[in-house]
Amino acid sequence: MRYRSHILASGLLALVAATTSVAACSDDTTATPDSGTVPTGTVPPTNTVPTTVPTDAAPPPVDATPDAAPAVPVVAESEGLVSGALNPYGLLWASDGNLYMSGAKLVGGDRQLAVWRIDKTTNKVDKTFGTDGAITVPIDGDETSYGLVELADGSFVVQAAAGGKVWLAKLTKTGTTYTFGTPQALVLGWQDSEFADWPVTNDAGVPQTPQYQSWGIALDKSNAAAEKIVVFAFGAPAKVAVGGTQRVDNDRWVARVLASDFSHDPAFNSGKPFWADADGKGLPDDARRGIVEADGTIVSAGYANFGVGPSINVVLIRLKPDGTPDSTFGFGTTSAAASPGQTKFNPFVSAQGAAEAYAVVKQSGGRYVTTGYGKSNFDVATQENDLLTFGVNRDGVDPTFGRLGAWAIQSEGKTGAGTGARPFRDNGRDLAILSDDRTVQVGCWDDKAAVFLFDKNGKLDKGSFGGEGYKVYPTHGFPFFKVAVSPDGKRIAASSQSTTADPSSFVVTLKVGN
């Protein structure tokens, strides 16, 4: 898609604009595309921002004062390939100190959901875990896993997307042995028995079925007596009543289920999954990862393409612990009353830019930080995707974060850049937070796997990685897709994409402190 760019007139961000071509990033050939093309346009969106502060408003934004002492550096520890690991987008440091990874593995030619264990001492695949270091279970369809969580007894709940459905499977720990239970499909908007009513056919006239996708799960620890799993998903809108017009785009979905049997939690949204149409526009919503806060509050990250003018905007949705929208949170939508608990923002709209959010974390002062990518023209003209990170308060983008609320990573013009398979592609795919509110963001720099360290106020932490604030792994062309921080905050791990043609994931570990 060709862009027409001009200098950003609003003064929100100092952007250098030029005529460029930016391709939306995609995963391997079996994964869901990240986004559509970005339209051109020059008309800024009409957004409304709440002018009254609710009585239960969120904490004030954190300030932009520098840290009192130099931050502890992050240093590389190990790197290596995990053979046979297809897109291990789930990554978790468990209570036993080992690293667990979920993805897919070919077993006799059949693609199956898989979990690996990386030994905490050797940083290599533990061959005593399952068969050749992996435990697998088949699901109907081409499995992809975006997350796993650990339960109190040391068992795991593993998420998967396959066959147009979202699945959960329990990997039960008994002594030192782990065994997969039967995967269960999560019912969102449509029951299987209702599929015949879905009003979509393919080009050959064959009826299609509602499709759902999920990019992650999280553990709700707000009630120690009842462990619960929150699923972040997107897909077919809810079924309308007889006589209504059925929408067939994607909506945002959030479900909370009991970890014991994966049944819907009756205390969440009256026992049903929550769904939302981004800004009420009836447009496809692309949900990504999310978080569950200590009190059970849920924040879902994602984005939607609002067409000519607004373009692609970050859309965050915050739910109260009872599964209903938090009306004290949100800004930028056409109607706050019609889209409670939602944000909608793209600070780069005046330069025909685009902004996406793939993950979100919350800092100790109450500010949310996202990672993703888009087009910014931040310091130089964007030639490919830019990694974008935003600081977000309850009622607006936080101007004390980065440069007036945003920061972009651009490899264009940097020494050694321009040699990747997609030159100058810089993506943010996931992020994690350290104890001092710094964020570790992973993705790619010049289309090579990279780890980025940001200070608490949204700028690269130049105290790590040779004064650059980021580390590029030049020998690996697949971007990192997931990052995890150990419970004690001392270790970091990242895992990369792979393809069926090259089913090996690049996994690295880093240390916080020398």
# chains A, B, ... in the order shown; residues from 1 in each chain; ligands from 1

call {"tool": "residues_around", "arguments": {"residues": "A:Leu188", "least_positions_apart": "6", "cutoff": "10 Å", "atoms": "only C-alpha atoms", "output": "list in words"}}
result
Lys165, Val166, Tyr212, Ala233, Phe234, Gly235, Ala236, Pro237, Ala238, Trp253, Val254, Ala255, His264, Lys272, Pro273, Phe274 and Trp275 of chain A

call {"tool": "write_last_selection", "arguments": {"atoms": "N, CA and C atoms", "output": "JSON list (two decimals), in the first residue's frame"}}
result
[["chain", "number", "residue", "atom", "x", "y", "z"],
["A", 165, "LYS", "N", -11.24, -22.76, 16.36],
["A", 165, "LYS", "CA", -11.71, -22.76, 17.73],
["A", 165, "LYS", "C", -10.56, -22.47, 18.69],
["A", 166, "VAL", "N", -10.92, -22.10, 19.91],
["A", 166, "VAL", "CA", -9.96, -21.87, 20.98],
["A", 166, "VAL", "C", -10.04, -23.04, 21.94],
["A", 212, "TYR", "N", -12.86, -18.54, 15.38],
["A", 212, "TYR", "CA", -12.32, -17.84, 16.55],
["A", 212, "TYR", "C", -10.82, -18.09, 16.65],
["A", 233, "ALA", "N", -9.45, -13.44, 23.21],
["A", 233, "ALA", "CA", -9.77, -14.01, 21.90],
["A", 233, "ALA", "C", -10.45, -12.98, 21.00],
["A", 234, "PHE", "N", -10.64, -13.35, 19.75],
["A", 234, "PHE", "CA", -11.42, -12.55, 18.82],
["A", 234, "PHE", "C", -12.02, -13.50, 17.79],
["A", 235, "GLY", "N", -13.13, -13.05, 17.20],
["A", 235, "GLY", "CA", -13.78, -13.90, 16.21],
["A", 235, "GLY", "C", -15.21, -13.48, 15.95],
["A", 236, "ALA", "N", -16.00, -14.42, 15.47],
["A", 236, "ALA", "CA", -17.36, -14.13, 15.01],
["A", 236, "ALA", "C", -18.18, -13.41, 16.07],
["A", 237, "PRO", "N", -18.92, -12.37, 15.67],
["A", 237, "PRO", "CA", -19.80, -11.69, 16.61],
["A", 237, "PRO", "C", -20.88, -12.63, 17.15],
["A", 238, "ALA", "N", -21.46, -12.24, 18.27],
["A", 238, "ALA", "CA", -22.51, -13.04, 18.87],
["A", 238, "ALA", "C", -23.68, -13.22, 17.91],
["A", 253, "TRP", "N", -13.28, -10.77, 22.24],
["A", 253, "TRP", "CA", -13.88, -11.69, 23.21],
["A", 253, "TRP", "C", -12.93, -11.89, 24.40],
["A", 254, "VAL", "N", -13.51, -11.94, 25.60],
["A", 254, "VAL", "CA", -12.78, -12.27, 26.81],
["A", 254, "VAL", "C", -13.64, -13.25, 27.60],
["A", 255, "ALA", "N", -13.06, -14.35, 27.99],
["A", 255, "ALA", "CA", -13.78, -15.35, 28.78],
["A", 255, "ALA", "C", -12.99, -15.67, 30.04],
["A", 264, "HIS", "N", -17.44, -22.02, 32.24],
["A", 264, "HIS", "CA", -17.49, -20.57, 32.37],
["A", 264, "HIS", "C", -17.77, -20.19, 33.82],
["A", 272, "LYS", "N", -21.16, -15.74, 31.18],
["A", 272, "LYS", "CA", -20.97, -15.77, 29.73],
["A", 272, "LYS", "C", -19.68, -15.05, 29.35],
["A", 273, "PRO", "N", -19.10, -15.38, 28.19],
["A", 273, "PRO", "CA", -17.96, -14.60, 27.70],
["A", 273, "PRO", "C", -18.39, -13.17, 27.43],
["A", 274, "PHE", "N", -17.46, -12.24, 27.61],
["A", 274, "PHE", "CA", -17.70, -10.84, 27.28],
["A", 274, "PHE", "C", -17.28, -10.60, 25.84],
["A", 275, "TRP", "N", -18.03, -9.78, 25.13],
["A", 275, "TRP", "CA", -17.63, -9.41, 23.78],
["A", 275, "TRP", "C", -17.84, -7.92, 23.59]]

call {"tool": "residues_around", "arguments": {"residues": "A:Val314", "least_positions_apart": "3", "cutoff": "9 Å", "atoms": "only C-alpha atoms", "output": "list in words"}}
result
Ala301, Gly302, Tyr303, Ala304, Thr343, Lys344, Phe345, Asn346, Ala354, Ala355, Glu356 and Ala357 of chain A

call {"tool": "residues_around", "arguments": {"residues": "stretch 458-475 of chain A", "least_positions_apart": "6", "cutoff": "9 Å", "atoms": "only C-alpha atoms", "output": "PDB file with N, CA and C atoms, in the first residue's frame"}}
result
ATOM      1  N   PRO A  70      21.579   4.306  38.853  1.00  0.00           N
ATOM      2  CA  PRO A  70      21.612   3.560  37.604  1.00  0.00           C
ATOM      3  C   PRO A  70      20.913   2.215  37.748  1.00  0.00           C
ATOM      4  N   ALA A  71      20.146   1.842  36.738  1.00  0.00           N
ATOM      5  CA  ALA A  71      19.418   0.588  36.780  1.00  0.00           C
ATOM      6  C   ALA A  71      20.375  -0.586  36.611  1.00  0.00           C
ATOM      7  N   VAL A  72      19.984  -1.713  37.179  1.00  0.00           N
ATOM      8  CA  VAL A  72      20.786  -2.922  37.044  1.00  0.00           C
ATOM      9  C   VAL A  72      20.788  -3.338  35.579  1.00  0.00           C
ATOM     10  N   PRO A  73      21.944  -3.611  35.002  1.00  0.00           N
ATOM     11  CA  PRO A  73      21.984  -3.952  33.569  1.00  0.00           C
ATOM     12  C   PRO A  73      21.384  -5.327  33.295  1.00  0.00           C
ATOM     13  N   VAL A  74      20.907  -5.505  32.087  1.00  0.00           N
ATOM     14  CA  VAL A  74      20.465  -6.805  31.592  1.00  0.00           C
ATOM     15  C   VAL A  74      21.537  -7.318  30.649  1.00  0.00           C
ATOM     16  N   VAL A  75      21.960  -8.559  30.839  1.00  0.00           N
ATOM     17  CA  VAL A  75      23.051  -9.120  30.044  1.00  0.00           C
ATOM     18  C   VAL A  75      22.624 -10.459  29.460  1.00  0.00           C
ATOM     19  N   ALA A  76      23.156 -10.772  28.290  1.00  0.00           N
ATOM     20  CA  ALA A  76      22.854 -12.035  27.632  1.00  0.00           C
ATOM     21  C   ALA A  76      23.434 -13.192  28.422  1.00  0.00           C
ATOM     22  N   VAL A 369       1.614   0.100  29.771  1.00  0.00           N
ATOM     23  CA  VAL A 369       2.589   0.209  28.683  1.00  0.00           C
ATOM     24  C   VAL A 369       2.280  -0.883  27.671  1.00  0.00           C
ATOM     25  N   THR A 389       5.805   1.679  21.202  1.00  0.00           N
ATOM     26  CA  THR A 389       5.409   1.468  22.584  1.00  0.00           C
ATOM     27  C   THR A 389       4.743   2.736  23.090  1.00  0.00           C
ATOM     28  N   PHE A 390       3.653   2.560  23.836  1.00  0.00           N
ATOM     29  CA  PHE A 390       2.874   3.688  24.338  1.00  0.00           C
ATOM     30  C   PHE A 390       2.714   3.584  25.848  1.00  0.00           C
ATOM     31  N   GLY A 391       2.632   4.756  26.504  1.00  0.00           N
ATOM     32  CA  GLY A 391       2.259   4.835  27.905  1.00  0.00           C
ATOM     33  C   GLY A 391       0.835   5.342  27.999  1.00  0.00           C
ATOM     34  N   THR A 400       4.140  12.053  29.668  1.00  0.00           N
ATOM     35  CA  THR A 400       5.443  11.920  30.317  1.00  0.00           C
ATOM     36  C   THR A 400       6.177  10.660  29.886  1.00  0.00           C
ATOM     37  N   PHE A 401       5.549   9.846  29.055  1.00  0.00           N
ATOM     38  CA  PHE A 401       6.135   8.597  28.589  1.00  0.00           C
ATOM     39  C   PHE A 401       6.765   8.811  27.223  1.00  0.00           C
ATOM     40  N   GLY A 402       8.023   8.394  27.091  1.00  0.00           N
ATOM     41  CA  GLY A 402       8.696   8.509  25.799  1.00  0.00           C
ATOM     42  C   GLY A 402       8.725   9.943  25.323  1.00  0.00           C
ATOM     43  N   ARG A 403       8.255  10.172  24.129  1.00  0.00           N
ATOM     44  CA  ARG A 403       8.122  11.516  23.571  1.00  0.00           C
ATOM     45  C   ARG A 403       6.630  11.790  23.404  1.00  0.00           C
ATOM     46  N   GLY A 405       4.185  10.536  24.965  1.00  0.00           N
ATOM     47  CA  GLY A 405       3.334   9.361  25.091  1.00  0.00           C
ATOM     48  C   GLY A 405       3.742   8.158  24.289  1.00  0.00           C
ATOM     49  N   ALA A 406       4.739   8.308  23.419  1.00  0.00           N
ATOM     50  CA  ALA A 406       5.102   7.203  22.529  1.00  0.00           C
ATOM     51  C   ALA A 406       6.603   7.136  22.322  1.00  0.00           C
ATOM     52  N   TRP A 407       7.066   5.977  21.903  1.00  0.00           N
ATOM     53  CA  TRP A 407       8.433   5.819  21.429  1.00  0.00           C
ATOM     54  C   TRP A 407       8.422   4.818  20.293  1.00  0.00           C
ATOM     55  N   GLY A 420      18.256  -7.347   6.516  1.00  0.00           N
ATOM     56  CA  GLY A 420      17.295  -8.381   6.853  1.00  0.00           C
ATOM     57  C   GLY A 420      16.485  -8.825   5.649  1.00  0.00           C
ATOM     58  N   ARG A 438      10.913  -1.070  34.518  1.00  0.00           N
ATOM     59  CA  ARG A 438      11.424  -1.136  33.155  1.00  0.00           C
ATOM     60  C   ARG A 438      10.668  -2.227  32.396  1.00  0.00           C
ATOM     61  N   THR A 439      10.589  -2.096  31.086  1.00  0.00           N
ATOM     62  CA  THR A 439       9.944  -3.125  30.290  1.00  0.00           C
ATOM     63  C   THR A 439      10.937  -3.773  29.332  1.00  0.00           C
ATOM     64  N   CYS A 444      11.632  -7.827  16.499  1.00  0.00           N
ATOM     65  CA  CYS A 444      12.746  -7.845  15.567  1.00  0.00           C
ATOM     66  C   CYS A 444      13.239  -6.430  15.292  1.00  0.00           C
ATOM     67  N   TRP A 445      14.504  -6.346  14.927  1.00  0.00           N
ATOM     68  CA  TRP A 445      15.169  -5.113  14.494  1.00  0.00           C
ATOM     69  C   TRP A 445      15.787  -5.421  13.146  1.00  0.00           C
ATOM     70  N   ASP A 446      15.395  -4.697  12.118  1.00  0.00           N
ATOM     71  CA  ASP A 446      15.844  -4.983  10.753  1.00  0.00           C
ATOM     72  C   ASP A 446      15.541  -6.435  10.391  1.00  0.00           C
ATOM     73  N   LYS A 448      15.538  -9.040  12.214  1.00  0.00           N
ATOM     74  CA  LYS A 448      16.311 -10.043  12.944  1.00  0.00           C
ATOM     75  C   LYS A 448      15.839 -10.054  14.397  1.00  0.00           C
ATOM     76  N   ALA A 449      15.834 -11.215  15.000  1.00  0.00           N
ATOM     77  CA  ALA A 449      15.374 -11.362  16.381  1.00  0.00           C
ATOM     78  C   ALA A 449      16.088 -10.360  17.284  1.00  0.00           C
ATOM     79  N   ALA A 450      15.321  -9.687  18.141  1.00  0.00           N
ATOM     80  CA  ALA A 450      15.909  -8.644  18.981  1.00  0.00           C
ATOM     81  C   ALA A 450      15.153  -8.510  20.290  1.00  0.00           C
ATOM     82  N   VAL A 451      15.908  -8.089  21.316  1.00  0.00           N
ATOM     83  CA  VAL A 451      15.375  -7.789  22.648  1.00  0.00           C
ATOM     84  C   VAL A 451      15.639  -6.320  22.934  1.00  0.00           C
ATOM     85  N   PHE A 452      14.630  -5.600  23.416  1.00  0.00           N
ATOM     86  CA  PHE A 452      14.726  -4.167  23.696  1.00  0.00           C
ATOM     87  C   PHE A 452      14.436  -3.927  25.170  1.00  0.00           C
TER      88      PHE A 452
END

call {"tool": "select_by_dssp", "arguments": {"residues": "stretch 108-316 of chain A", "states": "strand (DSSP E or B)", "output": "ChimeraX atom specification"}}
result
/A:110-118,125,131,134-137,144-150,156-162,165-174,177-180,184-186,201,207,212-220,228-235,251-258,264,274-276,285-292,298-305,312-314

call {"tool": "closest_residue", "arguments": {"among": "A:Pro183, A:Gly154, A:Pro210, A:Gly175", "to": "A:Thr136", "atoms": "only C-alpha atoms"}}
result
A:Pro183

call {"tool": "closest_residue", "arguments": {"among": "A:Asp379, A:Asp119, A:Asp132, A:Asp251", "to": "A:Gly189", "atoms": "only C-alpha atoms"}}
result
A:Asp251

call {"tool": "residues_around", "arguments": {"residues": "stretch 487-500 of chain A", "least_positions_apart": "6", "cutoff": "8 Å", "atoms": "only C-alpha atoms", "output": "ChimeraX atom specification"}}
result
/A:27-29,85-89,91,93-95,434-435,442,449,478-481,506-513

call {"tool": "write_last_selection", "arguments": {"atoms": "C-alpha atoms", "output": "mmCIF file, in the first residue's frame"}}
result
data_model
loop_
_atom_site.group_PDB
_atom_site.id
_atom_site.type_symbol
_atom_site.label_atom_id
_atom_site.label_comp_id
_atom_site.auth_asym_id
_atom_site.auth_seq_id
_atom_site.Cartn_x
_atom_site.Cartn_y
_atom_site.Cartn_z
ATOM 1 C CA ASP A 27 3.414 -14.783 10.626
ATOM 2 C CA ASP A 28 4.163 -18.082 8.926
ATOM 3 C CA THR A 29 1.911 -19.453 6.215
ATOM 4 C CA ALA A 85 9.437 -26.471 17.922
ATOM 5 C CA LEU A 86 6.762 -24.927 15.700
ATOM 6 C CA ASN A 87 5.928 -21.371 16.756
ATOM 7 C CA PRO A 88 6.306 -21.746 20.533
ATOM 8 C CA TYR A 89 4.421 -18.576 21.428
ATOM 9 C CA LEU A 91 6.696 -19.174 27.490
ATOM 10 C CA TRP A 93 9.319 -19.551 34.077
ATOM 11 C CA ALA A 94 7.702 -21.988 36.507
ATOM 12 C CA SER A 95 7.977 -22.265 40.286
ATOM 13 C CA LEU A 434 10.746 -5.846 35.643
ATOM 14 C CA SER A 435 10.490 -5.018 39.354
ATOM 15 C CA VAL A 442 10.838 -8.462 22.045
ATOM 16 C CA ALA A 449 15.374 -11.362 16.381
ATOM 17 C CA PHE A 478 12.700 -15.048 12.650
ATOM 18 C CA PRO A 479 11.437 -12.456 15.147
ATOM 19 C CA PHE A 480 11.023 -13.188 18.812
ATOM 20 C CA PHE A 481 7.363 -13.639 19.608
ATOM 21 C CA PHE A 506 15.517 -19.731 18.642
ATOM 22 C CA VAL A 507 15.398 -19.432 22.441
ATOM 23 C CA VAL A 508 17.567 -17.076 24.482
ATOM 24 C CA THR A 509 17.969 -16.342 28.162
ATOM 25 C CA LEU A 510 19.257 -13.172 29.802
ATOM 26 C CA LYS A 511 20.133 -12.159 33.345
ATOM 27 C CA VAL A 512 19.059 -9.081 35.245
ATOM 28 C CA GLY A 513 22.383 -8.106 36.804
#

call {"tool": "residues_around", "arguments": {"residues": "A:Gln159", "least_positions_apart": "6", "cutoff": "8 Å", "atoms": "only C-alpha atoms", "output": "ChimeraX atom specification"}}
result
/A:145-148,166-169,216-217

call {"tool": "write_last_selection", "arguments": {"atoms": "N, CA and C atoms", "output": "short mmCIF file (atom, residue, chain, number, x, y, z; two decimals), in the first residue's frame"}}
result
data_model
loop_
_atom_site.label_atom_id
_atom_site.label_comp_id
_atom_site.auth_asym_id
_atom_site.auth_seq_id
_atom_site.Cartn_x
_atom_site.Cartn_y
_atom_site.Cartn_z
N SER A 145 -0.03 -22.64 19.80
CA SER A 145 -0.25 -22.26 21.20
C SER A 145 0.41 -20.92 21.48
N TYR A 146 -0.35 -20.05 22.13
CA TYR A 146 0.13 -18.72 22.46
C TYR A 146 0.35 -18.51 23.96
N GLY A 147 0.14 -19.55 24.76
CA GLY A 147 0.34 -19.31 26.18
C GLY A 147 0.08 -20.53 27.04
N LEU A 148 0.69 -20.52 28.22
CA LEU A 148 0.42 -21.51 29.24
C LEU A 148 0.61 -20.85 30.60
N VAL A 166 -10.92 -22.10 19.91
CA VAL A 166 -9.96 -21.87 20.98
C VAL A 166 -10.04 -23.04 21.94
N TRP A 167 -8.88 -23.58 22.29
CA TRP A 167 -8.84 -24.80 23.10
C TRP A 167 -8.03 -24.57 24.38
N LEU A 168 -8.38 -25.33 25.41
CA LEU A 168 -7.60 -25.39 26.64
C LEU A 168 -7.33 -26.85 26.96
N ALA A 169 -6.12 -27.12 27.42
CA ALA A 169 -5.75 -28.48 27.80
C ALA A 169 -4.96 -28.42 29.10
N GLY A 216 -3.70 -15.63 23.66
CA GLY A 216 -3.12 -15.76 24.98
C GLY A 216 -4.12 -16.03 26.08
N ILE A 217 -3.60 -16.45 27.22
CA ILE A 217 -4.38 -16.66 28.42
C ILE A 217 -3.61 -16.07 29.60
#

call {"tool": "residues_around", "arguments": {"residues": "A:Ile409", "least_positions_apart": "4", "cutoff": "8 Å", "atoms": "only C-alpha atoms", "output": "MDAnalysis selection string"}}
result
chainID A and resid 386:388 426

call {"tool": "select_by_dssp", "arguments": {"residues": "stretch 76-289 of chain A", "states": "helix (DSSP H, G or I)", "output": "PDB file with N, CA and C atoms, in the first residue's frame"}}
result
ATOM      1  N   ASP A 192     -21.726 -25.360  18.376  1.00  0.00           N
ATOM      2  CA  ASP A 192     -21.594 -26.139  17.140  1.00  0.00           C
ATOM      3  C   ASP A 192     -22.958 -26.395  16.498  1.00  0.00           C
ATOM      4  N   SER A 193     -23.957 -26.596  17.324  1.00  0.00           N
ATOM      5  CA  SER A 193     -25.291 -26.903  16.805  1.00  0.00           C
ATOM      6  C   SER A 193     -25.912 -25.728  16.055  1.00  0.00           C
ATOM      7  N   GLU A 194     -25.330 -24.528  16.211  1.00  0.00           N
ATOM      8  CA  GLU A 194     -25.859 -23.338  15.554  1.00  0.00           C
ATOM      9  C   GLU A 194     -25.099 -22.977  14.279  1.00  0.00           C
ATOM     10  N   PHE A 195     -24.051 -23.717  13.958  1.00  0.00           N
ATOM     11  CA  PHE A 195     -23.195 -23.342  12.832  1.00  0.00           C
ATOM     12  C   PHE A 195     -23.955 -23.250  11.511  1.00  0.00           C
ATOM     13  N   ALA A 196     -25.024 -24.033  11.372  1.00  0.00           N
ATOM     14  CA  ALA A 196     -25.777 -24.013  10.117  1.00  0.00           C
ATOM     15  C   ALA A 196     -26.428 -22.658   9.872  1.00  0.00           C
ATOM     16  N   ASP A 197     -26.552 -21.846  10.920  1.00  0.00           N
ATOM     17  CA  ASP A 197     -27.175 -20.529  10.779  1.00  0.00           C
ATOM     18  C   ASP A 197     -26.172 -19.439  10.401  1.00  0.00           C
ATOM     19  N   ASN A 269     -19.470 -11.816  34.104  1.00  0.00           N
ATOM     20  CA  ASN A 269     -20.433 -11.424  33.074  1.00  0.00           C
ATOM     21  C   ASN A 269     -21.639 -12.361  33.039  1.00  0.00           C
ATOM     22  N   SER A 270     -22.178 -12.659  34.218  1.00  0.00           N
ATOM     23  CA  SER A 270     -23.354 -13.536  34.349  1.00  0.00           C
ATOM     24  C   SER A 270     -23.125 -14.915  33.745  1.00  0.00           C
ATOM     25  N   GLY A 271     -21.881 -15.390  33.833  1.00  0.00           N
ATOM     26  CA  GLY A 271     -21.573 -16.737  33.364  1.00  0.00           C
ATOM     27  C   GLY A 271     -21.348 -16.863  31.882  1.00  0.00           C
ATOM     28  N   ALA A 278     -15.263  -2.884  18.639  1.00  0.00           N
ATOM     29  CA  ALA A 278     -14.390  -1.722  18.841  1.00  0.00           C
ATOM     30  C   ALA A 278     -15.059  -0.448  18.354  1.00  0.00           C
ATOM     31  N   ASP A 279     -15.308   0.464  19.271  1.00  0.00           N
ATOM     32  CA  ASP A 279     -15.936   1.763  18.997  1.00  0.00           C
ATOM     33  C   ASP A 279     -17.289   1.628  18.306  1.00  0.00           C
ATOM     34  N   GLY A 280     -17.895   0.462  18.380  1.00  0.00           N
ATOM     35  CA  GLY A 280     -19.218   0.281  17.808  1.00  0.00           C
ATOM     36  C   GLY A 280     -19.306   0.461  16.311  1.00  0.00           C
TER      37      GLY A 280
END

call {"tool": "closest_residue", "arguments": {"among": "A:Asn202, A:Ser260, A:Ser376, A:Thr121", "to": "A:Lys170", "atoms": "only C-alpha atoms"}}
result
A:Ser260
